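Read the structure below first, then the notes.
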Amino acid sequence: MAIRKIRVIGDPVLGKQCKPVVKMTENLKVLIEDMFDTMYEAKGVGLAAPQVGILRQICVVDVMDEDPIVLINPEVIESDGEQTDDEGCLSVPGKVAQVTRPNHVVVKSLDMDMNPVTYEGEGLKARAMLHEMDHLQGVLYGERANEPYRDLEEEDWEEEE
Ligand code: ZN
């Protein structure tokens with residue numbers, strides 16, 4: 001169990017394409033555990049491997065109302081609806097921006113034993129999964145936002161609490 005350093009905007013690793021996982025290894029299991037620890041410590045709802053400097057297609061998501069999930073080589077297989085809301089990112093500290101995304105997605109992934117699994121998400125869970133999956137393509141949410149990054153104001157904090 002360890003907290004890893006979160007890379008922030010400007011770090012070239014955040015703009016790179018991640019490679020698929022071909023085999024689950026002890027190192028990757030440790031990485032995934034560390035990613036959960038790092039996400040919880042930073043009070044995030046998701047974290048992708050490139051955010052801790054590892055260019056592999058792995059993300060963790062925990063929107064707190066359901067079991068935490070690990071996405072390995074994830075792919076969106078269905079999406080519908082639309083939602084527009086403020087989004088933030090642990091790699092873009094102190095900022096938010098409004099992003100429009102599908103409201104519902106079905107994601108194909110592998111589980112920790114490299115068996116196929118699908119996850120369904122609505123609202124925040126769909127948003128979090130899509131946001132983290134963007135990181136695997138080297139995309140930060142600002143590139144999809146409807147506006148430039150804004151400073152996280154006190155009123156935004158109130159909304160989050
Ligand atoms: Zn992010």
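Labels for the structure tokens follow display order: chains A, B, ..., residues from 1 in each chain, ligands from 1.
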Give me the chain A side of the contact with ligand 1, cut-off 10 Å, one line per residue showing its nearest atom pair and distance in Å at one decimal, counting only C-alpha atoms and all ligand atoms, sorted by chain and residue number, as JSON lines.
{"residue": "A:Val8", "atom": "CA", "partner": "ligand 1", "partner_atom_place_in_ligand_line": "1 (Zn)", "distance": 9.5}
{"residue": "A:Ile9", "atom": "CA", "partner": "ligand 1", "partner_atom_place_in_ligand_line": "1 (Zn)", "distance": 9.8}
{"residue": "A:Leu14", "atom": "CA", "partner": "ligand 1", "partner_atom_place_in_ligand_line": "1 (Zn)", "distance": 9.4}
{"residue": "A:Gly44", "atom": "CA", "partner": "ligand 1", "partner_atom_place_in_ligand_line": "1 (Zn)", "distance": 8.9}
{"residue": "A:Val45", "atom": "CA", "partner": "ligand 1", "partner_atom_place_in_ligand_line": "1 (Zn)", "distance": 9.3}
{"residue": "A:Gly46", "atom": "CA", "partner": "ligand 1", "partner_atom_place_in_ligand_line": "1 (Zn)", "distance": 7.2}
{"residue": "A:Leu47", "atom": "CA", "partner": "ligand 1", "partner_atom_place_in_ligand_line": "1 (Zn)", "distance": 6.4}
{"residue": "A:Ala48", "atom": "CA", "partner": "ligand 1", "partner_atom_place_in_ligand_line": "1 (Zn)", "distance": 7.2}
{"residue": "A:Pro50", "atom": "CA", "partner": "ligand 1", "partner_atom_place_in_ligand_line": "1 (Zn)", "distance": 9.7}
{"residue": "A:Gln51", "atom": "CA", "partner": "ligand 1", "partner_atom_place_in_ligand_line": "1 (Zn)", "distance": 7.5}
{"residue": "A:Glu87", "atom": "CA", "partner": "ligand 1", "partner_atom_place_in_ligand_line": "1 (Zn)", "distance": 8.9}
{"residue": "A:Gly88", "atom": "CA", "partner": "ligand 1", "partner_atom_place_in_ligand_line": "1 (Zn)", "distance": 6.9}
{"residue": "A:Cys89", "atom": "CA", "partner": "ligand 1", "partner_atom_place_in_ligand_line": "1 (Zn)", "distance": 3.9}
{"residue": "A:Leu90", "atom": "CA", "partner": "ligand 1", "partner_atom_place_in_ligand_line": "1 (Zn)", "distance": 5.6}
{"residue": "A:Ser91", "atom": "CA", "partner": "ligand 1", "partner_atom_place_in_ligand_line": "1 (Zn)", "distance": 5.8}
{"residue": "A:Val92", "atom": "CA", "partner": "ligand 1", "partner_atom_place_in_ligand_line": "1 (Zn)", "distance": 7.4}
{"residue": "A:Pro93", "atom": "CA", "partner": "ligand 1", "partner_atom_place_in_ligand_line": "1 (Zn)", "distance": 9.8}
{"residue": "A:Ala128", "atom": "CA", "partner": "ligand 1", "partner_atom_place_in_ligand_line": "1 (Zn)", "distance": 8.5}
{"residue": "A:Leu130", "atom": "CA", "partner": "ligand 1", "partner_atom_place_in_ligand_line": "1 (Zn)", "distance": 9.7}
{"residue": "A:His131", "atom": "CA", "partner": "ligand 1", "partner_atom_place_in_ligand_line": "1 (Zn)", "distance": 6.1}
{"residue": "A:Glu132", "atom": "CA", "partner": "ligand 1", "partner_atom_place_in_ligand_line": "1 (Zn)", "distance": 5.9}
{"residue": "A:Met133", "atom": "CA", "partner": "ligand 1", "partner_atom_place_in_ligand_line": "1 (Zn)", "distance": 9.0}
{"residue": "A:Asp134", "atom": "CA", "partner": "ligand 1", "partner_atom_place_in_ligand_line": "1 (Zn)", "distance": 8.2}
{"residue": "A:His135", "atom": "CA", "partner": "ligand 1", "partner_atom_place_in_ligand_line": "1 (Zn)", "distance": 6.5}
{"residue": "A:Val139", "atom": "CA", "partner": "ligand 1", "partner_atom_place_in_ligand_line": "1 (Zn)", "distance": 8.9}
{"residue": "A:Leu140", "atom": "CA", "partner": "ligand 1", "partner_atom_place_in_ligand_line": "1 (Zn)", "distance": 6.5}
{"residue": "A:Tyr141", "atom": "CA", "partner": "ligand 1", "partner_atom_place_in_ligand_line": "1 (Zn)", "distance": 6.9}
{"residue": "A:Gly142", "atom": "CA", "partner": "ligand 1", "partner_atom_place_in_ligand_line": "1 (Zn)", "distance": 9.7}
Emit the selected residues as a CSV table (one decimal), in the first residue's frame, including N, CA and C atoms.
chain,number,residue,atom,x,y,z
A,8,VAL,N,0.7,16.3,-12.9
A,8,VAL,CA,-0.2,17.4,-13.2
A,8,VAL,C,0.0,17.9,-14.6
A,9,ILE,N,-1.1,18.6,-15.0
A,9,ILE,CA,-1.1,19.2,-16.4
A,9,ILE,C,0.2,19.9,-16.7
A,14,LEU,N,0.9,12.8,-19.5
A,14,LEU,CA,-0.6,12.9,-19.6
A,14,LEU,C,-1.2,13.0,-21.0
A,44,GLY,N,-10.5,11.7,-4.8
A,44,GLY,CA,-11.0,11.7,-6.2
A,44,GLY,C,-12.0,10.6,-6.3
A,45,VAL,N,-12.8,10.6,-7.4
A,45,VAL,CA,-13.7,9.5,-7.7
A,45,VAL,C,-13.2,8.6,-8.8
A,46,GLY,N,-12.0,8.9,-9.3
A,46,GLY,CA,-11.4,8.0,-10.4
A,46,GLY,C,-9.9,8.4,-10.5
A,47,LEU,N,-9.1,7.4,-11.1
A,47,LEU,CA,-7.7,7.7,-11.3
A,47,LEU,C,-7.3,6.8,-12.5
A,48,ALA,N,-6.5,7.3,-13.4
A,48,ALA,CA,-6.0,6.5,-14.5
A,48,ALA,C,-4.5,6.3,-14.3
A,50,PRO,N,-1.9,6.6,-16.3
A,50,PRO,CA,-0.9,7.6,-16.7
A,50,PRO,C,-0.8,8.8,-15.7
A,51,GLN,N,-1.9,9.0,-14.8
A,51,GLN,CA,-1.8,10.0,-13.8
A,51,GLN,C,-0.8,9.7,-12.7
A,87,GLU,N,-16.8,19.4,-14.2
A,87,GLU,CA,-15.9,18.2,-14.0
A,87,GLU,C,-14.6,18.7,-13.5
A,88,GLY,N,-13.9,17.9,-12.7
A,88,GLY,CA,-12.6,18.2,-12.3
A,88,GLY,C,-11.7,17.1,-12.5
A,89,CYS,N,-10.4,17.3,-12.2
A,89,CYS,CA,-9.4,16.2,-12.4
A,89,CYS,C,-8.3,16.4,-11.4
A,90,LEU,N,-7.8,15.3,-10.8
A,90,LEU,CA,-6.7,15.3,-9.9
A,90,LEU,C,-5.4,15.8,-10.5
A,91,SER,N,-5.3,15.7,-11.9
A,91,SER,CA,-4.2,16.2,-12.6
A,91,SER,C,-4.3,17.7,-13.0
A,92,VAL,N,-5.5,18.3,-12.7
A,92,VAL,CA,-5.7,19.7,-13.0
A,92,VAL,C,-6.2,20.3,-11.7
A,93,PRO,N,-5.3,20.4,-10.7
A,93,PRO,CA,-5.7,20.8,-9.4
A,93,PRO,C,-6.3,22.2,-9.3
A,128,ALA,N,-17.5,9.5,-14.8
A,128,ALA,CA,-16.2,9.2,-14.2
A,128,ALA,C,-15.5,8.1,-15.1
A,130,LEU,N,-15.9,7.6,-18.3
A,130,LEU,CA,-15.5,8.2,-19.6
A,130,LEU,C,-14.3,9.1,-19.4
A,131,HIS,N,-14.3,9.9,-18.3
A,131,HIS,CA,-13.2,10.8,-18.0
A,131,HIS,C,-11.9,10.0,-17.8
A,132,GLU,N,-11.9,8.9,-17.0
A,132,GLU,CA,-10.7,8.1,-16.8
A,132,GLU,C,-10.3,7.4,-18.1
A,133,MET,N,-11.3,6.9,-18.9
A,133,MET,CA,-10.9,6.3,-20.2
A,133,MET,C,-10.2,7.3,-21.1
A,134,ASP,N,-10.6,8.5,-21.1
A,134,ASP,CA,-10.0,9.6,-21.9
A,134,ASP,C,-8.5,9.7,-21.6
A,135,HIS,N,-8.2,9.6,-20.3
A,135,HIS,CA,-6.8,9.6,-19.9
A,135,HIS,C,-5.9,8.6,-20.6
A,139,VAL,N,-6.0,12.1,-23.3
A,139,VAL,CA,-6.9,13.3,-23.4
A,139,VAL,C,-7.3,13.8,-22.0
A,140,LEU,N,-7.1,15.1,-21.8
A,140,LEU,CA,-7.6,15.7,-20.5
A,140,LEU,C,-9.0,16.3,-20.8
A,141,TYR,N,-9.8,16.4,-19.7
A,141,TYR,CA,-11.2,16.8,-19.9
A,141,TYR,C,-11.3,18.2,-20.5
A,142,GLY,N,-10.3,19.0,-20.3
A,142,GLY,CA,-10.3,20.4,-20.8
A,142,GLY,C,-10.5,20.4,-22.3
| task | For A:Gln17, work out the shell of residues within 6 Å, counting only C-alpha atoms and skipping chain neighbours fewer than 3 positions away, then give it as a PyMOL selection string. | result | chain A and resi 136-138
| request: Enumerate the residues of stretch 1-143 of chain A with a DSSP assignment of strand (DSSP E), computed from the backbone, and present them as a PyMOL selection string. | output: chain A and resi 46-48+58-61+69-80+83-87+95-101+104-110+116-122
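Picture a line from atom CA of A:Lys125 to atom CA of A:Ile58; it runs 16.3 Å.
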| field | Contacts of A:Pro102 within 8 Å, only C-alpha atoms, excl. fewer than 4 positions in-chain, as a PyMOL selection string | value | chain A and resi 79-83+126-127
Please produce a file of those selected residues containing N, CA and C atoms, as a PDB file, in the first residue's frame.
ATOM      1  N   SER A  79     -23.502   3.844 -25.643  1.00  0.00           N
ATOM      2  CA  SER A  79     -23.656   5.098 -24.905  1.00  0.00           C
ATOM      3  C   SER A  79     -24.902   5.805 -25.389  1.00  0.00           C
ATOM      4  N   ASP A  80     -25.609   6.434 -24.473  1.00  0.00           N
ATOM      5  CA  ASP A  80     -26.778   7.212 -24.875  1.00  0.00           C
ATOM      6  C   ASP A  80     -27.070   8.304 -23.860  1.00  0.00           C
ATOM      7  N   GLY A  81     -27.983   9.189 -24.247  1.00  0.00           N
ATOM      8  CA  GLY A  81     -28.343  10.303 -23.378  1.00  0.00           C
ATOM      9  C   GLY A  81     -27.257  11.356 -23.358  1.00  0.00           C
ATOM     10  N   GLU A  82     -27.475  12.365 -22.540  1.00  0.00           N
ATOM     11  CA  GLU A  82     -26.538  13.467 -22.458  1.00  0.00           C
ATOM     12  C   GLU A  82     -26.614  14.079 -21.070  1.00  0.00           C
ATOM     13  N   GLN A  83     -25.462  14.488 -20.529  1.00  0.00           N
ATOM     14  CA  GLN A  83     -25.419  15.201 -19.254  1.00  0.00           C
ATOM     15  C   GLN A  83     -24.367  16.297 -19.373  1.00  0.00           C
ATOM     16  N   ALA A 126     -21.037   7.166 -15.113  1.00  0.00           N
ATOM     17  CA  ALA A 126     -20.750   7.206 -16.550  1.00  0.00           C
ATOM     18  C   ALA A 126     -19.700   8.283 -16.821  1.00  0.00           C
ATOM     19  N   ARG A 127     -19.890   9.439 -16.225  1.00  0.00           N
ATOM     20  CA  ARG A 127     -18.951  10.554 -16.398  1.00  0.00           C
ATOM     21  C   ARG A 127     -17.549  10.166 -15.923  1.00  0.00           C
TER      22      ARG A 127
END
| Which of A:Asn27, A:Asn146, A:Gln57, A:Gln98 sits closest to A:Leu110 [using only C-alpha atoms] |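 With only C-alpha atoms as the atom set, the closest residue is A:Gln57.
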Give me the stretch 70-112 of chain A side of the contact with stretch 59-66 of chain A, cut-off 12 Å, one line per residue showing its nearest atom pair and distance in Å at one decimal, counting only C-alpha atoms, sorted by chain and residue number, as a tab-separated table.
residue	atom	partner	partner_atom	distance
A:Val70	CA	A:Val60	CA	4.5
A:Leu71	CA	A:Cys59	CA	5.1
A:Ile72	CA	A:Cys59	CA	6.7
A:Asn73	CA	A:Cys59	CA	8.9
A:Pro74	CA	A:Cys59	CA	8.6
A:Glu75	CA	A:Cys59	CA	11.8
A:Ser109	CA	A:Cys59	CA	10.4
A:Leu110	CA	A:Cys59	CA	11.2
A:Asp111	CA	A:Cys59	CA	11.3
A:Met112	CA	A:Val60	CA	11.6
| remark: Using only C-alpha atoms, the best pick from A:Ala49, A:Met114, A:Val76, A:Leu152 as closest to A:Ala97 would be A:Leu152
| request: Identify, on the basis of only C-alpha atoms, every residue whose closest approach to A:Met1 does not exceed 10 Å; exclude the query and any residue fewer than 6 positions from it along the same chain; express the result as a ChimeraX atom specification. | output: /A:30-38
